[in-house]
file upload-v3.txt (compact mmCIF, C-alpha atoms)
# COMPACT_ATOMS: atom_id res chain seq x y z
CA MET A 299 129.13 94.13 129.99
CA VAL A 300 126.22 92.02 131.17
CA ARG A 301 124.02 93.76 133.69
CA LYS A 302 121.22 91.94 135.40
CA ASN A 303 119.32 92.24 138.63
CA ALA A 304 119.18 89.54 141.26
CA LEU A 305 115.97 88.01 139.87
CA GLU A 306 117.45 87.65 136.41
CA TRP A 307 120.65 86.12 137.72
CA SER A 308 118.69 83.59 139.80
CA ILE A 309 116.55 82.57 136.84
CA PHE A 310 119.69 82.25 134.74
CA ALA A 311 121.34 80.10 137.41
CA VAL A 312 118.32 77.81 137.81
CA SER A 313 117.96 77.52 134.01
CA GLY A 314 121.64 76.73 133.62
CA VAL A 315 121.50 73.94 136.20
CA LEU A 316 118.30 72.57 134.63
CA LEU A 317 119.86 72.52 131.15
CA LEU A 318 122.98 70.79 132.42
CA LEU A 319 120.81 68.15 134.11
CA VAL A 320 118.65 67.55 131.01
CA PHE A 321 121.58 67.53 128.55
CA GLY A 322 123.59 65.38 130.94
CA TYR A 323 120.75 62.90 131.40
CA LEU A 324 120.10 62.59 127.66
CA GLY A 325 123.82 62.32 126.94
CA TYR A 326 124.30 59.67 129.60
CA HIS A 327 121.33 57.70 128.26
CA ALA A 328 122.51 58.02 124.68
CA LEU A 329 125.90 56.61 125.66
CA THR A 330 124.77 53.84 127.99
CA SER A 331 121.50 52.53 126.58
CA GLU A 332 121.98 50.18 123.68
CA ASP A 333 119.43 49.85 120.94
CA GLU A 334 118.32 46.45 122.16
CA PRO A 335 114.88 45.25 121.10
CA ALA A 336 111.83 45.41 123.35
CA GLU A 337 111.73 42.72 126.00
CA ILE A 338 108.18 42.25 127.17
CA GLU A 339 107.23 40.56 130.37
CA ILE A 340 103.66 39.94 131.50
CA GLU A 341 102.84 39.96 135.18
CA VAL A 342 99.49 38.64 136.37
CA GLY A 343 97.79 40.09 139.45
CA VAL A 344 95.11 38.67 141.73
CA ALA A 345 91.66 38.03 140.20
CA HIS A 346 88.46 39.18 141.86
CA PRO A 347 84.79 38.71 140.91
CA GLN A 348 82.99 41.50 139.09
CA GLY A 349 79.49 41.35 137.59
CA GLY A 350 79.30 37.56 137.61
CA ARG A 351 82.68 37.22 135.91
CA TYR A 352 86.28 37.47 137.06
CA ILE A 353 88.59 40.38 136.40
CA LEU A 354 92.32 39.70 136.29
CA PRO A 355 94.74 42.66 136.35
CA VAL A 356 97.81 42.32 134.13
CA SER A 357 100.96 44.46 133.98
CA LEU A 358 103.11 44.68 130.88
CA HIS A 359 106.75 45.50 131.48
CA ASN A 360 109.11 46.50 128.69
CA ARG A 361 112.62 45.82 129.95
CA GLY A 362 114.25 46.46 126.57
CA GLY A 363 115.63 49.66 125.07
CA GLN A 364 113.02 50.09 122.35
CA SER A 365 109.50 51.53 122.65
CA VAL A 366 106.82 49.54 120.85
CA GLU A 367 103.23 49.99 119.70
CA ASP A 368 100.14 47.75 119.60
CA VAL A 369 101.42 45.02 121.88
CA GLU A 370 99.01 42.11 121.64
CA ILE A 371 98.95 39.66 124.52
CA GLU A 372 96.95 36.55 125.35
CA ILE A 373 96.19 35.10 128.78
CA SER A 374 94.94 31.49 129.03
CA LEU A 375 93.61 29.44 131.92
CA LEU A 376 94.78 25.82 131.91
CA GLN A 377 93.06 22.92 133.62
CA GLY A 378 94.95 19.62 133.61
CA GLY A 379 97.12 20.76 130.71
CA VAL A 380 94.12 21.80 128.58
CA THR A 381 93.26 25.42 127.79
CA THR A 382 89.78 26.14 129.14
CA GLU A 383 89.53 29.87 128.50
CA THR A 384 91.51 32.55 126.69
CA ALA A 385 91.38 36.36 126.88
CA ALA A 386 93.39 38.95 124.94
CA ILE A 387 94.16 42.66 125.07
CA THR A 388 96.16 45.09 122.92
CA MET A 389 98.27 47.77 124.56
CA PRO A 390 98.53 50.84 122.27
CA PHE A 391 101.98 51.86 123.53
CA LEU A 392 104.65 50.28 125.67
CA PRO A 393 107.60 52.67 126.07
CA ARG A 394 111.12 51.43 126.83
CA LEU A 395 111.80 50.63 130.48
CA SER A 396 108.14 51.23 131.29
CA THR A 397 105.10 49.48 132.68
CA ARG A 398 101.51 49.73 131.43
CA GLU A 399 98.51 48.16 133.09
CA GLY A 400 95.26 46.55 131.96
CA SER A 401 92.79 43.83 132.86
CA VAL A 402 91.24 40.77 131.23
CA PHE A 403 87.89 39.09 132.00
CA PHE A 404 87.19 35.38 132.46
CA ASP A 405 83.99 33.42 133.04
CA SER A 406 85.69 31.00 135.43
CA ASP A 407 87.76 31.96 138.43
CA PRO A 408 91.45 32.19 137.44
CA ALA A 409 92.33 31.31 141.05
CA GLN A 410 90.88 27.82 140.47
CA ALA A 411 92.94 27.21 137.33
CA ASP A 412 95.95 24.89 137.47
CA GLU A 413 98.03 27.32 135.51
CA ILE A 414 97.75 30.79 133.97
CA GLU A 415 99.62 31.00 130.69
CA THR A 416 100.76 34.38 129.37
CA LEU A 417 101.78 34.94 125.76
CA VAL A 418 103.01 37.94 123.78
CA ILE A 419 101.49 37.59 120.30
CA GLY A 420 103.34 40.50 118.72
CA TYR A 421 103.94 44.23 118.48
CA ILE A 422 104.70 47.02 116.01
CA VAL A 423 107.96 48.94 115.99
CA PRO A 424 107.06 52.61 115.53
CA MET B 1440 116.93 87.35 129.07
CA PRO B 1441 116.54 91.01 129.89
CA PHE B 1442 119.60 93.08 130.48
CA GLY B 1443 117.98 96.40 129.84
CA CYS B 1444 118.79 99.53 128.00
CA VAL B 1445 119.43 102.92 129.42
CA THR B 1446 118.55 106.32 128.14
CA GLN B 1447 121.41 108.70 127.89
CA GLY B 1448 121.61 112.15 126.38
CA ARG B 1449 117.91 112.64 125.82
CA ASP B 1450 118.63 115.50 123.45
CA ASP B 1451 120.54 113.32 121.05
CA PRO B 1452 118.14 110.92 119.32
CA GLU B 1453 120.99 108.67 118.16
CA ASN B 1454 121.84 107.99 121.78
CA ARG B 1455 118.39 107.03 122.94
CA THR B 1456 118.88 103.32 123.16
CA ILE B 1457 122.38 102.13 123.69
CA PRO B 1458 123.55 99.15 125.69
CA LEU B 1459 124.09 99.65 129.36
CA THR B 1460 127.43 101.00 130.39
CA MET B 1461 129.35 100.46 133.59
CA HIS B 1462 127.61 103.41 135.22
CA ALA B 1463 124.06 102.30 134.53
CA PRO B 1464 121.86 100.99 137.36
CA HIS B 1465 120.54 97.44 137.37
CA PRO B 1466 117.31 97.07 135.43
CA PRO B 1467 114.27 97.21 137.72
CA ILE B 1468 112.65 93.95 138.92
CA ARG B 1469 109.30 95.11 137.59
CA GLY B 1470 110.68 95.38 134.06
CA SER B 1471 112.21 91.90 134.29
CA LEU B 1472 108.94 90.41 135.52
CA GLN B 1473 107.12 92.02 132.59
CA GLU B 1474 109.62 90.50 130.19
CA TYR B 1475 109.21 87.05 131.74
CA GLY B 1476 105.44 87.48 131.51
CA ARG B 1477 105.68 88.27 127.81
CA GLY B 1478 108.04 85.33 127.36
CA ILE B 1479 105.60 82.92 129.02
CA ALA B 1480 102.73 84.27 126.88
CA GLY B 1481 104.78 83.91 123.70
CA GLY B 1482 105.97 80.45 124.64
CA LEU B 1483 102.44 79.19 125.19
CA LEU B 1484 101.03 81.02 122.17
CA PHE B 1485 103.27 79.05 119.83
CA SER B 1486 103.37 75.73 121.61
CA LEU B 1487 99.96 75.05 123.17
CA PRO B 1488 98.75 73.24 120.02
CA MET B 1489 101.83 71.03 120.32
CA LEU B 1490 101.34 70.40 124.05
CA TYR B 1491 97.82 69.23 123.23
CA THR B 1492 98.88 66.88 120.40
CA MET B 1493 99.00 63.14 121.08
CA GLU B 1494 101.76 62.32 118.59
CA MET B 1495 103.98 64.81 120.40
CA TRP B 1496 103.63 62.93 123.68
CA GLN B 1497 104.36 59.64 121.95
CA PHE B 1498 107.55 60.93 120.38
CA GLY B 1499 108.73 61.66 123.91
CA PHE B 1500 109.22 57.92 124.44
CA ILE B 1501 109.58 56.67 120.87
CA LEU B 1502 112.62 58.78 119.96
CA ARG B 1503 116.04 57.54 121.07
CA PRO B 1504 117.89 59.67 123.66
CA GLU B 1505 120.61 60.62 121.17
CA ARG B 1506 118.00 62.05 118.81
CA LEU B 1507 116.40 64.02 121.65
CA LEU B 1508 119.84 65.36 122.54
CA LEU B 1509 120.40 66.38 118.91
CA TYR B 1510 116.99 68.09 118.94
CA ALA B 1511 117.90 70.04 122.08
CA VAL B 1512 121.30 71.07 120.69
CA ILE B 1513 119.83 72.24 117.35
CA SER B 1514 117.13 74.17 119.21
CA PHE B 1515 119.75 75.88 121.35
CA VAL B 1516 121.76 76.91 118.27
CA LEU B 1517 118.59 78.28 116.64
CA LEU B 1518 117.77 80.20 119.82
CA LEU B 1519 121.26 81.72 119.80
CA GLY B 1520 120.74 82.72 116.16
CA TYR B 1521 117.34 84.25 116.79
CA ASN B 1522 118.46 86.15 119.88
CA ARG B 1523 121.50 87.43 117.99
CA TYR B 1524 119.68 88.57 114.85
CA ALA B 1525 116.14 89.39 115.86
CA GLY B 1526 115.92 89.20 119.62
CA LEU B 1527 114.99 91.89 122.08
CA HIS B 1528 118.42 93.49 122.07
CA HIS B 1529 119.88 93.86 118.62
CA ASP B 1530 123.21 95.10 119.90
CA ALA B 1531 123.71 92.32 122.44
CA SER B 1532 127.09 90.64 122.76
CA TRP B 1533 127.42 86.86 122.32
CA ALA B 1534 127.74 86.45 126.10
CA GLU B 1535 124.41 88.22 126.62
CA VAL B 1536 122.84 86.24 123.79
CA ALA B 1537 124.05 82.98 125.36
CA ILE B 1538 122.70 83.97 128.80
CA ASP B 1539 119.34 84.91 127.30
CA SER B 1540 119.18 81.61 125.41
CA VAL B 1541 119.94 79.55 128.53
CA GLU B 1542 117.20 81.38 130.43
CA GLU B 1543 114.66 80.91 127.62
CA MET B 1544 115.44 77.23 127.35
CA GLY B 1545 115.10 76.83 131.14
CA ILE B 1546 111.74 78.61 131.11
CA GLY B 1547 110.69 76.48 128.12
CA ILE B 1548 111.52 73.23 129.90
CA VAL B 1549 109.78 74.28 133.13
CA LEU B 1550 106.64 75.46 131.28
CA SER B 1551 106.54 72.29 129.19
CA ALA B 1552 106.89 70.02 132.25
CA LEU B 1553 104.30 72.05 134.15
CA PHE B 1554 101.69 71.88 131.39
CA LEU B 1555 102.27 68.20 130.65
CA ALA B 1556 101.92 67.46 134.37
CA ILE B 1557 98.70 69.50 134.63
CA LEU B 1558 97.34 67.68 131.58
CA GLY B 1559 98.23 64.35 133.22
CA ILE B 1560 100.64 63.35 130.44
CA ILE B 1561 103.55 63.27 132.84
CA THR B 1562 102.79 61.45 136.07
CA LEU B 1563 104.82 59.95 138.87
CA ASP B 1564 104.07 56.47 137.49
CA ILE B 1565 105.94 56.83 134.22
CA ALA B 1566 109.65 56.17 133.73
CA LEU B 1567 112.03 59.12 134.11
CA SER B 1568 113.28 58.69 130.53
CA GLU B 1569 109.71 59.03 129.25
CA ALA B 1570 109.05 62.14 131.33
CA VAL B 1571 112.29 63.78 130.22
CA GLY B 1572 111.60 62.88 126.57
CA LYS B 1573 108.10 64.37 126.61
CA THR B 1574 109.31 67.51 128.36
CA VAL B 1575 112.22 68.08 125.98
CA ILE B 1576 110.20 67.48 122.80
CA ALA B 1577 107.65 70.17 123.69
CA GLY B 1578 110.01 72.36 125.72
CA MET B 1579 112.16 73.35 122.76
CA THR B 1580 109.22 74.92 120.92
CA VAL B 1581 108.12 76.65 124.12
CA ALA B 1582 111.66 78.06 124.46
CA MET B 1583 111.58 79.52 120.95
CA GLY B 1584 108.14 80.97 121.66
CA VAL B 1585 109.49 82.51 124.89
CA SER B 1586 112.24 84.22 122.93
CA VAL B 1587 109.84 85.52 120.29
CA GLY B 1588 107.33 86.62 122.91
CA THR B 1589 109.91 88.57 124.90
CA ALA B 1590 111.19 90.32 121.80
CA GLN B 1591 107.98 90.93 119.86
CA LEU B 1592 104.98 91.08 122.19
CA GLY B 1593 106.16 94.03 124.25
CA ALA B 1594 105.23 97.68 123.92
CA PRO B 1595 108.17 99.86 122.89
CA PRO B 1596 110.14 101.22 125.87
CA GLU B 1597 108.53 104.27 127.44
CA ASP B 1598 111.51 106.43 126.71
CA GLU B 1599 111.46 105.55 123.03
CA ASP B 1600 109.55 107.91 120.73
CA GLU B 1601 107.69 106.86 117.60
CA ALA B 1602 110.56 107.73 115.28
CA ALA B 1603 112.92 105.52 117.26
CA THR B 1604 110.39 102.67 117.23
CA ALA B 1605 110.03 103.04 113.48
CA ARG B 1606 113.82 103.07 113.08
CA ARG B 1607 114.08 99.90 115.13
CA ARG B 1608 111.37 98.17 113.14
CA GLU B 1609 112.73 99.35 109.82
CA ARG B 1610 116.26 98.25 110.65
CA PRO B 1611 117.50 96.51 107.51
CA SER B 1612 118.57 92.91 107.96
CA SER B 1613 121.26 90.98 106.13
CA PHE B 1614 120.53 87.81 104.18
CA PRO B 1615 121.94 85.41 106.83
CA GLU B 1616 119.76 87.17 109.42
CA GLN B 1617 116.68 86.77 107.26
CA LEU B 1618 117.57 83.14 106.70
CA VAL B 1619 117.98 82.32 110.39
CA VAL B 1620 114.74 84.07 111.31
CA ALA B 1621 112.86 82.46 108.40
CA PHE B 1622 114.17 79.07 109.57
CA ILE B 1623 112.97 79.60 113.15
CA ALA B 1624 109.64 81.05 112.05
CA ALA B 1625 109.05 78.06 109.76
CA ILE B 1626 109.81 75.68 112.64
CA LEU B 1627 107.49 77.57 114.99
CA VAL B 1628 104.59 77.59 112.52
CA ALA B 1629 105.06 74.13 110.98
CA GLY B 1630 106.26 72.49 114.20
CA ASN B 1631 102.70 72.12 115.44
CA ILE B 1632 101.78 70.10 112.34
CA ALA B 1633 104.99 68.19 111.59
CA PRO B 1634 104.64 65.39 114.19
CA THR B 1635 101.00 64.57 113.36
CA ASP B 1636 99.97 61.41 111.54
CA GLU B 1637 98.00 63.58 109.13
CA ILE B 1638 101.16 64.64 107.30
CA ALA B 1639 102.26 61.03 106.84
CA ILE B 1640 98.77 60.14 105.59
CA LEU B 1641 98.78 63.08 103.16
CA GLY B 1642 102.14 61.81 101.93
CA MET B 1643 100.48 58.50 101.07
CA TYR B 1644 97.44 59.87 99.26
CA LEU B 1645 98.48 63.09 97.50
CA GLY B 1646 98.44 62.75 93.72
CA THR B 1647 100.74 64.50 91.28
CA LEU B 1648 98.18 67.20 90.49
CA ASN B 1649 97.63 67.92 94.19
CA LEU B 1650 101.37 68.21 94.69
CA VAL B 1651 101.82 70.62 91.77
CA ALA B 1652 98.92 72.70 93.12
CA LEU B 1653 100.46 72.74 96.60
CA VAL B 1654 103.84 73.90 95.27
CA LEU B 1655 102.28 76.69 93.17
CA LEU B 1656 100.03 77.78 96.02
CA SER B 1657 102.98 77.88 98.46
CA LEU B 1658 105.01 80.02 96.05
CA ALA B 1659 102.06 82.33 95.35
CA LEU B 1660 101.39 82.85 99.07
CA ILE B 1661 105.04 83.65 99.74
CA ALA B 1662 105.18 86.14 96.87
CA MET B 1663 101.94 87.78 97.98
CA ILE B 1664 103.07 88.16 101.59
CA LEU B 1665 106.59 89.34 100.78
CA PHE B 1666 105.85 91.70 97.90
CA PHE B 1667 102.19 92.60 97.36
CA ALA B 1668 100.11 92.54 100.53
CA ASN B 1669 101.98 95.40 102.24
CA PHE B 1670 102.61 93.11 105.18
CA THR B 1671 104.07 94.52 108.41
CA GLY B 1672 107.79 94.96 108.00
CA ALA B 1673 107.82 93.67 104.41
CA GLY B 1674 108.71 97.07 102.97
CA ARG B 1675 112.27 97.13 104.22
CA HIS B 1676 113.13 93.91 102.40
CA VAL B 1677 111.68 94.95 99.05
CA PRO B 1678 114.18 96.55 96.67
CA GLU B 1679 113.33 99.85 94.95
CA ASN B 1680 113.08 98.53 91.42
CA LEU B 1681 111.07 95.35 91.77
CA THR B 1682 111.37 93.01 88.81
CA LEU B 1683 109.58 89.75 88.13
CA ALA B 1684 112.90 87.95 88.39
CA THR B 1685 113.44 89.32 91.91
CA VAL B 1686 109.94 88.29 92.99
CA LEU B 1687 110.35 84.78 91.63
CA GLY B 1688 113.91 84.36 92.85
CA ARG B 1689 113.23 85.51 96.41
CA SER B 1690 109.96 83.61 96.69
CA ALA B 1691 111.78 80.50 95.51
CA SER B 1692 114.56 80.94 98.10
CA PHE B 1693 112.12 81.26 100.96
CA TYR B 1694 110.17 78.28 99.64
CA ALA B 1695 113.46 76.38 99.63
CA VAL B 1696 113.91 77.26 103.32
CA ALA B 1697 110.35 76.07 103.98
CA LEU B 1698 110.96 72.75 102.22
CA LEU B 1699 114.29 72.27 104.00
CA VAL B 1700 112.67 72.89 107.39
CA SER B 1701 109.82 70.51 106.51
CA ALA B 1702 112.16 67.74 105.40
CA LEU B 1703 114.35 68.14 108.48
CA MET B 1704 111.39 68.00 110.84
CA LEU B 1705 109.88 64.96 109.11
CA TRP B 1706 113.25 63.20 109.18
CA PHE B 1707 113.61 64.07 112.83
CA PHE B 1708 110.24 62.56 113.70
CA GLY B 1709 111.21 59.39 111.86
CA ARG B 1710 108.68 59.88 109.05
CA PHE B 1711 111.31 59.10 106.41
CA GLU B 1712 112.35 55.75 107.88
CA GLY B 1713 111.54 53.05 105.38
CA ALA B 1714 109.54 55.49 103.24
CA GLY B 1715 109.96 55.64 99.47
CA LEU B 1716 111.22 58.78 97.75
CA MET B 1717 107.74 59.77 96.54
CA GLN B 1718 106.27 59.36 100.04
CA CYS B 1719 109.03 61.54 101.51
CA LEU B 1720 108.61 64.20 98.80
CA SER B 1721 104.81 64.29 99.09
CA ALA B 1722 104.88 64.63 102.87
CA THR B 1723 107.53 67.37 102.60
CA ILE B 1724 105.45 69.34 100.10
CA ALA B 1725 102.31 68.93 102.21
CA LEU B 1726 104.10 70.28 105.28
CA GLY B 1727 105.94 72.80 103.08
CA LEU B 1728 102.78 74.87 102.59
CA VAL B 1729 102.54 75.39 106.34
CA ALA B 1730 106.26 76.08 106.65
CA SER B 1731 105.96 78.62 103.79
CA PHE B 1732 103.69 80.71 105.98
CA GLY B 1733 106.30 80.60 108.70
CA ALA B 1734 109.16 81.51 106.36
CA SER B 1735 107.21 84.47 104.92
CA ALA B 1736 104.52 85.89 107.22
CA GLY B 1737 106.00 84.40 110.37
CA ARG B 1738 109.44 85.75 109.59
CA LEU B 1739 108.16 89.28 109.03
CA LEU B 1740 106.28 89.22 112.32
CA LEU B 1741 109.22 87.76 114.23
CA GLN B 1742 111.84 90.15 112.97
call {"tool": "encode", "arguments": {"input": "upload-v3.txt", "output": "structure tokens"}}
result
Amino acid sequence: MVRKNALEWSIFAVSGVLLLLVFGYLGYHALTSEDEPAEIEIEVGVAHPQGGRYILPVSLHNRGGQSVEDVEIEISLLQGGVTTETAAITMPFLPRLSTREGSVFFDSDPAQADEIETLVIGYIVP
Amino acid sequence: MPFGCVTQGRDDPENRTIPLTMHAPHPPIRGSLQEYGRGIAGGLLFSLPMLYTMEMWQFGFILRPERLLLYAVISFVLLLGYNRYAGLHHDASWAEVAIDSVEEMGIGIVLSALFLAILGIITLDIALSEAVGKTVIAGMTVAMGVSVGTAQLGAPPEDEDEAATARRRERPSSFPEQLVVAFIAAILVAGNIAPTDEIAILGMYLGTLNLVALVLLSLALIAMILFFANFTGAGRHVPENLTLATVLGRSASFYAVALLVSALMLWFFGRFEGAGLMQCLSATIALGLVASFGASAGRLLLQ
């Protein structure tokens, strides 16, 4: 015979619902998400001057089902088809279905460039 | 978690603590709050090092959802085992044990999420899957700590005299009970170390002599704690006529539990993927020393 007071029953009820939600969520994800490789997309923001140089915010999106480490990316400014300046950053972690943000610096104004080229150099699978 | 005991027939010492019957009143709210307080303290005592470890946060998004689910299921089974064999209420039915385990897991998940949010590891900006992963990874250890804290950190009930306390503490335990508790204790103690990069690095650099020394030291520590140091609660597991064979045999079995727990945890955290046999063995032995403490000293304190 289980005997509990109202407080204990409420905590049990809340815990039970919470466990069902967590187990259900993990189970649903385990069944639906395939083990597809990381799919990295680089999104470039709007540059603004800072300390005589230009800072350009970049967002890294991982649309794939695999979390990755040490994502190295390169951003280049192109003028008339020729690369004039290149900057690079390394993102320590980029979890699956997540976004991480950073910034790169340039000497010239990225807004004046003909084209901004983004490139994923590589990453490590943990 | 708490369902309370009632005192009946004060004159008969055998009847002092028996499970509640149909006629008993509900346990008081104050007593329940105290038990939850002890549970929270125990949960944090065992898991704060883990909540503050970077690798632990990373595993929250590195591990696949099916592995996290497996982790949660195994933790729940271990909780059931601990609550059945060593929990607050030794004479609890499986229904009560299950209810206690659900509550402890719920408290563990809430505490884990709360601390990770306060530490800024879980924010509104991260993906839901990442937040759930981080919470579950740490929450399972918190849940086990909650169970241990509720059962072990409390003062004996006011209506229990010293003789009854001693009887409760000296209650002999069967081998499966000892095994389950040793398993959980090893996880609780070694769990804070298992996910760290240090263990993987030790696995790379340990030489044969270091490994032999680690094995011997682990065995010696287990033997000392179980048989020679007069450790709390050790007496009831030591047979009357202690032979060298018994000492060696039992120490070896608990070391085996420690190694098994270590290997399972390292496998779970993906430390065996692509690793050679020697790397796996070295890392297991390095973690095994820590798990040995759990399987010996930790077990005696938890039971």
call {"tool": "residues_around", "arguments": {"input": "upload-v3.txt", "residues": "stretch 346-349 of chain A", "least_positions_apart": "3", "cutoff": "9 Å", "atoms": "all atoms listed in the file", "output": "JSON, numbers by chain"}}
result
{"A": [352, 353, 354, 403, 407, 408, 409]}
call {"tool": "closest_residue", "arguments": {"input": "upload-v3.txt", "among": "B:Ala1659, B:Ala1621, B:Met1495, B:Val1536", "to": "chain A", "atoms": "only C-alpha atoms"}}
result
B:Val1536
call {"tool": "interface_residues", "arguments": {"input": "upload-v3.txt", "of": "chain A", "to": "chain B", "cutoff": "12 Å", "atoms": "only C-alpha atoms", "output": "MDAnalysis selection string"}}
result
chainID A and resid 299:334 336 359:361 363:367 390:399 422:424
call {"tool": "residues_around", "arguments": {"input": "upload-v3.txt", "residues": "A:Ala386", "least_positions_apart": "4", "cutoff": "12 Å", "atoms": "all atoms listed in the file", "output": "list of chain:residue names"}}
result
A:Leu354, A:Val356, A:Val369, A:Glu370, A:Ile371, A:Glu372, A:Ile373, A:Ser374, A:Leu375, A:Gly400, A:Ser401, A:Val402, A:Phe403, A:Phe404, A:Glu415, A:Thr416, A:Leu417, A:Val418, A:Ile419, A:Gly420
call {"tool": "closest_residue", "arguments": {"input": "upload-v3.txt", "among": "A:Arg351, A:Val344, A:Thr384, A:Glu339", "to": "A:Ser406", "atoms": "only C-alpha atoms"}}
result
A:Arg351
call {"tool": "closest_residue", "arguments": {"input": "upload-v3.txt", "among": "B:Gly1674, B:Gly1593, B:Gly1584, B:Gly1646", "to": "B:Ile1724", "atoms": "all atoms listed in the file"}}
result
B:Gly1646
call {"tool": "closest_residue", "arguments": {"input": "upload-v3.txt", "among": "B:Leu1490, B:Leu1484, B:Ile1623, B:Leu1660", "to": "B:Leu1553", "atoms": "all atoms listed in the file"}}
result
B:Leu1490
call {"tool": "residues_near_point", "arguments": {"input": "upload-v3.txt", "point": "(111.1, 78.9, 107.0)", "cutoff": "8 Å", "atoms": "all atoms listed in the file", "output": "ChimeraX atom specification"}}
result
/B:1618,1620-1626,1693-1694,1696-1700,1730-1735,1738
call {"tool": "atom_distance", "arguments": {"input": "upload-v3.txt", "atom1": "atom CA of A:Ala385", "atom2": "atom CA of A:Val342"}}
result
12.7 Å
call {"tool": "decode", "arguments": {"input": "upload-v3.txt", "residues": "stretch 399-411 of chain A", "atoms": "N, CA, C and O atoms", "output": "PDB file, in the first residue's frame"}}
result
ATOM      1  N   GLU A 399      28.072  31.695 -33.523  1.00  0.00           N
ATOM      2  CA  GLU A 399      28.420  32.954 -34.154  1.00  0.00           C
ATOM      3  C   GLU A 399      29.843  33.389 -33.872  1.00  0.00           C
ATOM      4  O   GLU A 399      30.420  33.023 -32.856  1.00  0.00           O
ATOM      5  N   GLY A 400      30.400  34.185 -34.808  1.00  0.00           N
ATOM      6  CA  GLY A 400      31.744  34.722 -34.659  1.00  0.00           C
ATOM      7  C   GLY A 400      31.886  35.939 -35.545  1.00  0.00           C
ATOM      8  O   GLY A 400      30.905  36.401 -36.135  1.00  0.00           O
ATOM      9  N   SER A 401      33.116  36.474 -35.618  1.00  0.00           N
ATOM     10  CA  SER A 401      33.357  37.625 -36.484  1.00  0.00           C
ATOM     11  C   SER A 401      34.736  37.516 -37.099  1.00  0.00           C
ATOM     12  O   SER A 401      35.625  36.905 -36.521  1.00  0.00           O
ATOM     13  N   VAL A 402      34.907  38.113 -38.283  1.00  0.00           N
ATOM     14  CA  VAL A 402      36.234  38.198 -38.892  1.00  0.00           C
ATOM     15  C   VAL A 402      36.545  39.672 -39.172  1.00  0.00           C
ATOM     16  O   VAL A 402      35.643  40.488 -39.333  1.00  0.00           O
ATOM     17  N   PHE A 403      37.851  40.000 -39.194  1.00  0.00           N
ATOM     18  CA  PHE A 403      38.279  41.379 -39.452  1.00  0.00           C
ATOM     19  C   PHE A 403      38.884  41.513 -40.836  1.00  0.00           C
ATOM     20  O   PHE A 403      39.563  40.609 -41.317  1.00  0.00           O
ATOM     21  N   PHE A 404      38.633  42.659 -41.468  1.00  0.00           N
ATOM     22  CA  PHE A 404      39.250  42.981 -42.763  1.00  0.00           C
ATOM     23  C   PHE A 404      39.818  44.395 -42.711  1.00  0.00           C
ATOM     24  O   PHE A 404      39.311  45.238 -41.967  1.00  0.00           O
ATOM     25  N   ASP A 405      40.844  44.632 -43.545  1.00  0.00           N
ATOM     26  CA  ASP A 405      41.401  45.989 -43.635  1.00  0.00           C
ATOM     27  C   ASP A 405      40.517  46.863 -44.514  1.00  0.00           C
ATOM     28  O   ASP A 405      40.350  48.046 -44.262  1.00  0.00           O
ATOM     29  N   SER A 406      39.980  46.249 -45.586  1.00  0.00           N
ATOM     30  CA  SER A 406      39.113  47.033 -46.481  1.00  0.00           C
ATOM     31  C   SER A 406      37.651  46.754 -46.146  1.00  0.00           C
ATOM     32  O   SER A 406      37.324  45.734 -45.543  1.00  0.00           O
ATOM     33  N   ASP A 407      36.797  47.630 -46.567  1.00  0.00           N
ATOM     34  CA  ASP A 407      35.379  47.517 -46.235  1.00  0.00           C
ATOM     35  C   ASP A 407      34.716  46.414 -47.068  1.00  0.00           C
ATOM     36  O   ASP A 407      34.667  46.520 -48.296  1.00  0.00           O
ATOM     37  N   PRO A 408      34.230  45.365 -46.415  1.00  0.00           N
ATOM     38  CA  PRO A 408      33.586  44.272 -47.164  1.00  0.00           C
ATOM     39  C   PRO A 408      32.392  44.767 -47.985  1.00  0.00           C
ATOM     40  O   PRO A 408      32.048  44.152 -48.996  1.00  0.00           O
ATOM     41  N   ALA A 409      31.783  45.885 -47.563  1.00  0.00           N
ATOM     42  CA  ALA A 409      30.621  46.393 -48.303  1.00  0.00           C
ATOM     43  C   ALA A 409      31.023  46.869 -49.696  1.00  0.00           C
ATOM     44  O   ALA A 409      30.196  46.919 -50.607  1.00  0.00           O
ATOM     45  N   GLN A 410      32.315  47.244 -49.860  1.00  0.00           N
ATOM     46  CA  GLN A 410      32.785  47.727 -51.156  1.00  0.00           C
ATOM     47  C   GLN A 410      33.214  46.598 -52.085  1.00  0.00           C
ATOM     48  O   GLN A 410      33.467  46.828 -53.273  1.00  0.00           O
ATOM     49  N   ALA A 411      33.313  45.386 -51.537  1.00  0.00           N
ATOM     50  CA  ALA A 411      33.785  44.261 -52.361  1.00  0.00           C
ATOM     51  C   ALA A 411      32.710  43.853 -53.360  1.00  0.00           C
ATOM     52  O   ALA A 411      31.521  44.007 -53.105  1.00  0.00           O
TER      53      ALA A 411
END
